[in-house]
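Trainee: What follows is the file upload.cif, containing mmCIF, C-alpha atoms:
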data_coords
loop_
_atom_site.group_PDB
_atom_site.id
_atom_site.type_symbol
_atom_site.label_atom_id
_atom_site.label_comp_id
_atom_site.auth_asym_id
_atom_site.auth_seq_id
_atom_site.Cartn_x
_atom_site.Cartn_y
_atom_site.Cartn_z
ATOM 1 C CA MET G 1492 53.408 102.004 90.433
ATOM 2 C CA ARG G 1493 52.505 104.040 93.480
ATOM 3 C CA LEU G 1494 53.456 101.156 95.814
ATOM 4 C CA THR G 1495 56.903 100.892 94.161
ATOM 5 C CA GLY G 1496 57.532 104.623 94.675
ATOM 6 C CA LEU G 1497 56.470 104.385 98.321
ATOM 7 C CA LEU G 1498 58.705 101.344 98.843
ATOM 8 C CA GLY G 1499 61.649 103.281 97.356
ATOM 9 C CA VAL G 1500 61.029 106.195 99.750
ATOM 10 C CA VAL G 1501 60.861 103.800 102.731
ATOM 11 C CA LEU G 1502 64.134 102.100 101.720
ATOM 12 C CA VAL G 1503 65.907 105.444 101.348
ATOM 13 C CA ALA G 1504 64.574 106.535 104.758
ATOM 14 C CA LEU G 1505 65.747 103.288 106.362
ATOM 15 C CA ALA G 1506 69.202 103.678 104.818
ATOM 16 C CA ALA G 1507 69.436 107.270 106.056
ATOM 17 C CA GLY G 1508 68.324 106.161 109.516
ATOM 18 C CA ALA G 1509 71.007 103.465 109.614
ATOM 19 C CA VAL G 1510 73.670 106.042 108.777
ATOM 20 C CA ALA G 1511 72.312 108.463 111.370
ATOM 21 C CA ALA G 1512 72.174 105.700 113.987
ATOM 22 C CA GLY G 1513 75.868 105.094 113.477
ATOM 23 C CA ALA G 1514 76.263 102.298 111.015
ATOM 24 C CA VAL G 1515 79.802 101.262 110.231
ATOM 25 C CA GLY G 1516 81.364 103.321 107.471
ATOM 26 C CA GLN G 1517 84.743 103.184 105.772
ATOM 27 C CA LEU G 1518 86.608 106.502 105.706
ATOM 28 C CA LYS G 1519 88.743 107.748 102.831
ATOM 29 C CA PHE G 1520 92.027 109.276 103.973
ATOM 30 C CA ALA G 1521 95.250 110.838 102.708
ATOM 31 C CA VAL G 1522 98.719 110.234 104.150
ATOM 32 C CA VAL G 1523 100.248 113.334 105.743
ATOM 33 C CA THR G 1524 103.517 111.730 106.840
ATOM 34 C CA SER G 1525 105.026 108.407 107.852
ATOM 35 C CA GLY G 1526 108.474 107.197 108.754
ATOM 36 C CA SER G 1527 110.702 105.874 111.496
ATOM 37 C CA SER G 1528 113.568 107.077 113.616
ATOM 38 C CA ALA G 1529 115.807 105.943 116.450
ATOM 39 C CA ASP G 1530 114.075 106.180 119.785
ATOM 40 C CA HIS G 1531 115.548 107.617 122.974
ATOM 41 C CA THR G 1532 112.513 107.625 125.290
ATOM 42 C CA PRO G 1533 112.611 105.989 128.724
ATOM 43 C CA VAL G 1534 111.777 102.279 128.708
ATOM 44 C CA ALA G 1535 108.514 102.803 130.638
ATOM 45 C CA GLN G 1536 107.101 104.932 127.806
ATOM 46 C CA ARG G 1537 107.753 102.496 124.949
ATOM 47 C CA THR G 1538 104.205 101.352 124.362
ATOM 48 C CA PRO G 1539 102.224 101.647 121.129
ATOM 49 C CA PHE G 1540 100.150 104.790 120.816
ATOM 50 C CA ALA G 1541 97.335 106.051 118.602
ATOM 51 C CA SER G 1542 95.278 109.211 118.654
ATOM 52 C CA ILE G 1543 92.425 110.984 116.912
ATOM 53 C CA VAL G 1544 93.529 114.582 116.347
ATOM 54 C CA ARG G 1545 90.266 116.480 116.132
ATOM 55 C CA ARG G 1546 90.935 119.926 117.560
ATOM 56 C CA ILE G 1547 91.943 122.790 115.320
ATOM 57 C CA VAL G 1548 95.096 123.621 117.328
ATOM 58 C CA ASP G 1549 96.212 120.040 118.120
ATOM 59 C CA ASP G 1550 98.870 118.723 115.749
ATOM 60 C CA PRO G 1551 101.293 116.043 117.017
ATOM 61 C CA ILE G 1552 103.835 116.812 114.297
ATOM 62 C CA ASP G 1553 103.590 120.606 114.568
ATOM 63 C CA ARG G 1554 106.888 122.399 114.982
ATOM 64 C CA PRO G 1555 107.654 126.098 115.498
ATOM 65 C CA ASN G 1556 108.044 128.168 112.317
ATOM 66 C CA ARG G 1557 106.524 125.427 110.175
ATOM 67 C CA PRO G 1558 103.108 125.612 108.533
ATOM 68 C CA THR G 1559 100.607 123.061 109.823
ATOM 69 C CA PRO G 1560 100.212 120.274 107.233
ATOM 70 C CA VAL G 1561 96.515 119.785 108.014
ATOM 71 C CA ASP G 1562 93.658 122.297 107.964
ATOM 72 C CA TYR G 1563 91.783 121.101 111.054
ATOM 73 C CA ARG G 1564 88.709 123.109 110.177
ATOM 74 C CA ARG G 1565 88.139 120.682 107.288
ATOM 75 C CA PHE G 1566 90.040 117.553 108.403
ATOM 76 C CA PHE G 1567 90.805 115.484 111.477
ATOM 77 C CA GLY G 1568 93.907 113.353 111.848
ATOM 78 C CA VAL G 1569 94.717 109.792 112.889
ATOM 79 C CA TYR G 1570 98.178 109.198 114.358
ATOM 80 C CA VAL G 1571 99.635 105.701 115.007
ATOM 81 C CA LEU G 1572 103.041 104.945 116.556
ATOM 82 C CA VAL G 1573 104.657 101.578 117.359
ATOM 83 C CA TYR G 1574 108.104 100.530 118.577
ATOM 84 C CA ARG G 1575 110.342 97.948 116.921
ATOM 85 C CA PRO G 1576 113.709 96.465 117.997
ATOM 86 C CA THR G 1577 115.666 97.515 114.883
ATOM 87 C CA SER G 1578 115.575 100.089 112.132
ATOM 88 C CA GLY G 1579 113.978 99.431 108.756
ATOM 89 C CA TYR G 1580 110.353 98.797 109.730
ATOM 90 C CA ARG G 1581 107.536 100.647 107.956
ATOM 91 C CA LEU G 1582 103.962 101.310 109.064
ATOM 92 C CA ALA G 1583 101.087 102.061 106.695
ATOM 93 C CA VAL G 1584 97.435 102.709 107.484
ATOM 94 C CA ARG G 1585 95.413 100.439 105.186
ATOM 95 C CA ARG G 1586 91.832 101.111 106.299
ATOM 96 C CA LEU G 1587 89.926 103.451 108.616
ATOM 97 C CA THR G 1588 86.392 102.673 109.671
ATOM 98 C CA LEU G 1589 83.995 104.780 111.728
ATOM 99 C CA GLN G 1590 82.099 102.553 114.175
ATOM 100 C CA ARG G 1591 79.244 103.445 116.524
ATOM 101 C CA ARG G 1592 77.407 100.864 118.591
ATOM 102 C CA GLY G 1593 75.812 101.518 121.953
ATOM 103 C CA PRO G 1594 78.157 103.536 124.172
ATOM 104 C CA ALA G 1595 81.170 102.745 121.965
ATOM 105 C CA ALA G 1596 82.068 105.313 119.325
ATOM 106 C CA GLN G 1597 85.437 104.697 117.748
ATOM 107 C CA VAL G 1598 87.650 104.719 114.715
ATOM 108 C CA CYS G 1599 89.048 101.330 113.718
ATOM 109 C CA ALA G 1600 92.459 101.552 112.049
ATOM 110 C CA ILE G 1601 93.883 98.571 110.179
ATOM 111 C CA VAL G 1602 97.634 98.969 109.731
ATOM 112 C CA GLN G 1603 100.355 97.016 108.018
ATOM 113 C CA ILE G 1604 103.754 96.828 109.701
ATOM 114 C CA THR G 1605 106.397 95.800 107.177
ATOM 115 C CA ARG G 1606 109.598 94.073 108.310
ATOM 116 C CA PRO G 1607 112.994 95.315 107.125
ATOM 117 C CA ALA G 1608 114.104 93.902 103.779
ATOM 118 C CA GLY G 1609 117.824 94.689 103.962
ATOM 119 C CA ALA G 1610 120.503 95.590 106.459
ATOM 120 C CA VAL G 1611 119.318 97.127 109.715
ATOM 121 C CA ALA G 1612 120.808 99.016 112.638
ATOM 122 C CA GLN G 1613 120.454 97.388 116.047
ATOM 123 C CA VAL G 1614 118.712 100.371 117.591
ATOM 124 C CA LEU G 1615 115.227 100.632 119.053
ATOM 125 C CA SER G 1616 113.107 102.663 116.661
ATOM 126 C CA HIS G 1617 109.619 104.072 116.555
ATOM 127 C CA VAL G 1618 107.588 103.776 113.390
ATOM 128 C CA TYR G 1619 104.690 106.133 112.757
ATOM 129 C CA ALA G 1620 101.990 107.138 110.301
ATOM 130 C CA TYR G 1621 99.784 110.224 110.278
ATOM 131 C CA VAL G 1622 96.775 110.484 107.975
ATOM 132 C CA LYS G 1623 93.999 113.023 107.515
ATOM 133 C CA VAL G 1624 90.272 112.444 106.990
ATOM 134 C CA ARG G 1625 87.699 114.937 105.785
ATOM 135 C CA ARG G 1626 85.484 115.964 108.728
ATOM 136 C CA SER G 1627 82.344 115.765 106.596
ATOM 137 C CA LEU G 1628 82.825 111.981 106.221
ATOM 138 C CA ALA G 1629 82.482 111.406 109.978
ATOM 139 C CA GLY G 1630 79.489 113.619 110.639
ATOM 140 C CA THR G 1631 79.340 116.157 113.422
ATOM 141 C CA ASN G 1632 80.622 113.964 116.259
ATOM 142 C CA ILE G 1633 84.149 112.697 115.671
ATOM 143 C CA PRO G 1634 84.926 110.018 118.270
ATOM 144 C CA ALA G 1635 88.036 110.189 120.448
ATOM 145 C CA GLY G 1636 88.246 106.399 120.812
ATOM 146 C CA ILE G 1637 90.488 104.375 118.521
ATOM 147 C CA VAL G 1638 91.281 100.692 118.079
ATOM 148 C CA VAL G 1639 94.308 99.724 115.985
ATOM 149 C CA ARG G 1640 94.843 96.234 114.571
ATOM 150 C CA GLU G 1641 97.439 94.810 112.236
ATOM 151 C CA SER G 1642 96.162 93.383 108.963
ATOM 152 C CA ASN G 1643 96.640 89.886 110.456
ATOM 153 C CA GLY G 1644 94.165 90.738 113.257
ATOM 154 C CA LYS G 1645 96.648 91.302 116.103
ATOM 155 C CA LEU G 1646 95.559 94.093 118.463
ATOM 156 C CA VAL G 1647 98.118 96.925 118.489
ATOM 157 C CA TYR G 1648 96.396 99.616 120.582
ATOM 158 C CA ARG G 1649 93.058 100.715 121.984
ATOM 159 C CA THR G 1650 92.023 103.841 123.823
ATOM 160 C CA THR G 1651 91.720 103.006 127.502
ATOM 161 C CA VAL G 1652 91.207 106.344 129.268
ATOM 162 C CA GLY G 1653 88.077 108.453 128.955
ATOM 163 C CA GLN G 1654 86.516 106.630 126.003
ATOM 164 C CA ARG G 1655 84.729 103.322 125.693
ATOM 165 C CA THR G 1656 85.995 101.176 122.860
ATOM 166 C CA ASN G 1657 84.909 97.773 121.651
ATOM 167 C CA THR G 1658 87.788 95.765 120.188
ATOM 168 C CA ALA G 1659 85.368 93.111 118.870
ATOM 169 C CA LEU G 1660 83.943 95.628 116.365
ATOM 170 C CA CYS G 1661 87.341 96.268 114.807
ATOM 171 C CA HIS G 1662 88.627 93.484 112.581
ATOM 172 C CA PRO G 1663 90.575 93.303 109.291
#
Reformat the file's structure so that it appears as structure tokens.

Mentor:
Amino acid sequence: MRLTGLLGVVLVALAAGAVAAGAVGQLKFAVVTSGSSADHTPVAQRTPFASIVRRIVDDPIDRPNRPTPVDYRRFFGVYVLVYRPTSGYRLAVRRLTLQRRGPAAQVCAIVQITRPAGAVAQVLSHVYAYVKVRRSLAGTNIPAGIVVRESNGKLVYRTTVGQRTNTALCHP
């Protein structure tokens, strides 16, 4: 009886240690906004983009005289943007995973990009999704690195400046 209780304590301690050491963990999230619109940026800037919005004052969809849709004291955001040749595409975040291994600390985002079903306009468009995640789910250190893959495994984006990311850790 005493050995069973001790074994239970050891297993709980090992599980807590794995979480503290940065085991992979799926994050629950809520959609803040998503959509698409015609794009008028210079050709050189038309690359996919993703970002972890973790500062209280940083909001990529913030506009003057509009309340901020996310309370950054309690949440951090994940923003993903891709370009498509016509209108009608949709982008949805399907899964977010917190990953820590060695020097790589990152969020892995699995997204689904849906093709147009009906008539489309022949105009370059950007498709985006912005979701929020409770800060308490990620612990005290929210990584700045992000890797984005489509649900079929195709790499969409990875952070390349200032953060180490490991694309091999992120898979659908």

Trainee: Have a look at G:Arg1545, G:Arg1591, G:Arg1575, G:Lys1519 and name the one nearest to Tyr1619 of chain G; count only C-alpha atoms.

Mentor: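 Between G:Arg1545, G:Arg1591, G:Arg1575, G:Lys1519, the residue approaching Tyr1619 of chain G most closely is G:Arg1575.
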
Trainee: Closest to Arg1649 of chain G among G:Ala1529, G:Ala1583, G:Ile1543, G:Ala1610, using all atoms listed in the file?

Mentor: G:Ile1543

Trainee: My list of candidates is G:Val1647, G:Val1571, G:Ala1635, G:Val1544. Which is closest to Gln1590 of chain G when distances are computed with all atoms listed in the file?

Mentor: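 Nearest candidate to Gln1590 of chain G out of G:Val1647, G:Val1571, G:Ala1635, G:Val1544: G:Ala1635.
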
Trainee: Got a sec to resolve the PyMOL selection byres ((chain G and resi 1584) around 9) on this structure and send the residues as a ChimeraX atom specification?

Mentor: /G:1522,1571,1582-1583,1585-1587,1600-1604,1620-1622

Trainee: Rank nothing, just name the residue among G:Tyr1574, G:Val1618, G:Ala1521, G:Pro1663 nearest to Asn1643 of chain G, using all atoms listed in the file.

Mentor: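 Looking at the shortest contact to Asn1643 of chain G, the residue is G:Pro1663.
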
Trainee: Give me, as a PyMOL selection string, all polymer residues having an atom no more than 12 Å from Leu1589 of chain G, counting all atoms listed in the file and skipping those fewer than 5 positions away in the same chain.

Mentor: chain G and resi 1510+1513-1519+1543+1569+1595-1601+1624+1626+1628-1630+1632-1638+1656+1660-1661

Trainee: Only C-alpha atoms, please: the residues just picked out, written as a PDB file, in the coordinates of the input.

Mentor:
ATOM      1  CA  VAL G1510      73.670 106.042 108.777  1.00  0.00           C
ATOM      2  CA  GLY G1513      75.868 105.094 113.477  1.00  0.00           C
ATOM      3  CA  ALA G1514      76.263 102.298 111.015  1.00  0.00           C
ATOM      4  CA  VAL G1515      79.802 101.262 110.231  1.00  0.00           C
ATOM      5  CA  GLY G1516      81.364 103.321 107.471  1.00  0.00           C
ATOM      6  CA  GLN G1517      84.743 103.184 105.772  1.00  0.00           C
ATOM      7  CA  LEU G1518      86.608 106.502 105.706  1.00  0.00           C
ATOM      8  CA  LYS G1519      88.743 107.748 102.831  1.00  0.00           C
ATOM      9  CA  ILE G1543      92.425 110.984 116.912  1.00  0.00           C
ATOM     10  CA  VAL G1569      94.717 109.792 112.889  1.00  0.00           C
ATOM     11  CA  ALA G1595      81.170 102.745 121.965  1.00  0.00           C
ATOM     12  CA  ALA G1596      82.068 105.313 119.325  1.00  0.00           C
ATOM     13  CA  GLN G1597      85.437 104.697 117.748  1.00  0.00           C
ATOM     14  CA  VAL G1598      87.650 104.719 114.715  1.00  0.00           C
ATOM     15  CA  CYS G1599      89.048 101.330 113.718  1.00  0.00           C
ATOM     16  CA  ALA G1600      92.459 101.552 112.049  1.00  0.00           C
ATOM     17  CA  ILE G1601      93.883  98.571 110.179  1.00  0.00           C
ATOM     18  CA  VAL G1624      90.272 112.444 106.990  1.00  0.00           C
ATOM     19  CA  ARG G1626      85.484 115.964 108.728  1.00  0.00           C
ATOM     20  CA  LEU G1628      82.825 111.981 106.221  1.00  0.00           C
ATOM     21  CA  ALA G1629      82.482 111.406 109.978  1.00  0.00           C
ATOM     22  CA  GLY G1630      79.489 113.619 110.639  1.00  0.00           C
ATOM     23  CA  ASN G1632      80.622 113.964 116.259  1.00  0.00           C
ATOM     24  CA  ILE G1633      84.149 112.697 115.671  1.00  0.00           C
ATOM     25  CA  PRO G1634      84.926 110.018 118.270  1.00  0.00           C
ATOM     26  CA  ALA G1635      88.036 110.189 120.448  1.00  0.00           C
ATOM     27  CA  GLY G1636      88.246 106.399 120.812  1.00  0.00           C
ATOM     28  CA  ILE G1637      90.488 104.375 118.521  1.00  0.00           C
ATOM     29  CA  VAL G1638      91.281 100.692 118.079  1.00  0.00           C
ATOM     30  CA  THR G1656      85.995 101.176 122.860  1.00  0.00           C
ATOM     31  CA  LEU G1660      83.943  95.628 116.365  1.00  0.00           C
ATOM     32  CA  CYS G1661      87.341  96.268 114.807  1.00  0.00           C
TER      33      CYS G1661
END

Trainee: May I ask for the distance between atom CA of Ala1659 of chain G and atom CA of Ser1527 of chain G, given in Å to one decimal place?

Mentor: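 We find that atom CA of Ala1659 of chain G and atom CA of Ser1527 of chain G lie 29.3 Å from each other.
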
Trainee: Residues around (117.2, 101.5, 119.5), cut-off 6 Å, counting all atoms listed in the file - what are they as a list in words?

Mentor: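 Residues lying no farther than 6 Å from the given point: Ala1529, Asp1530, Val1614, Leu1615 and Ser1616 of chain G.
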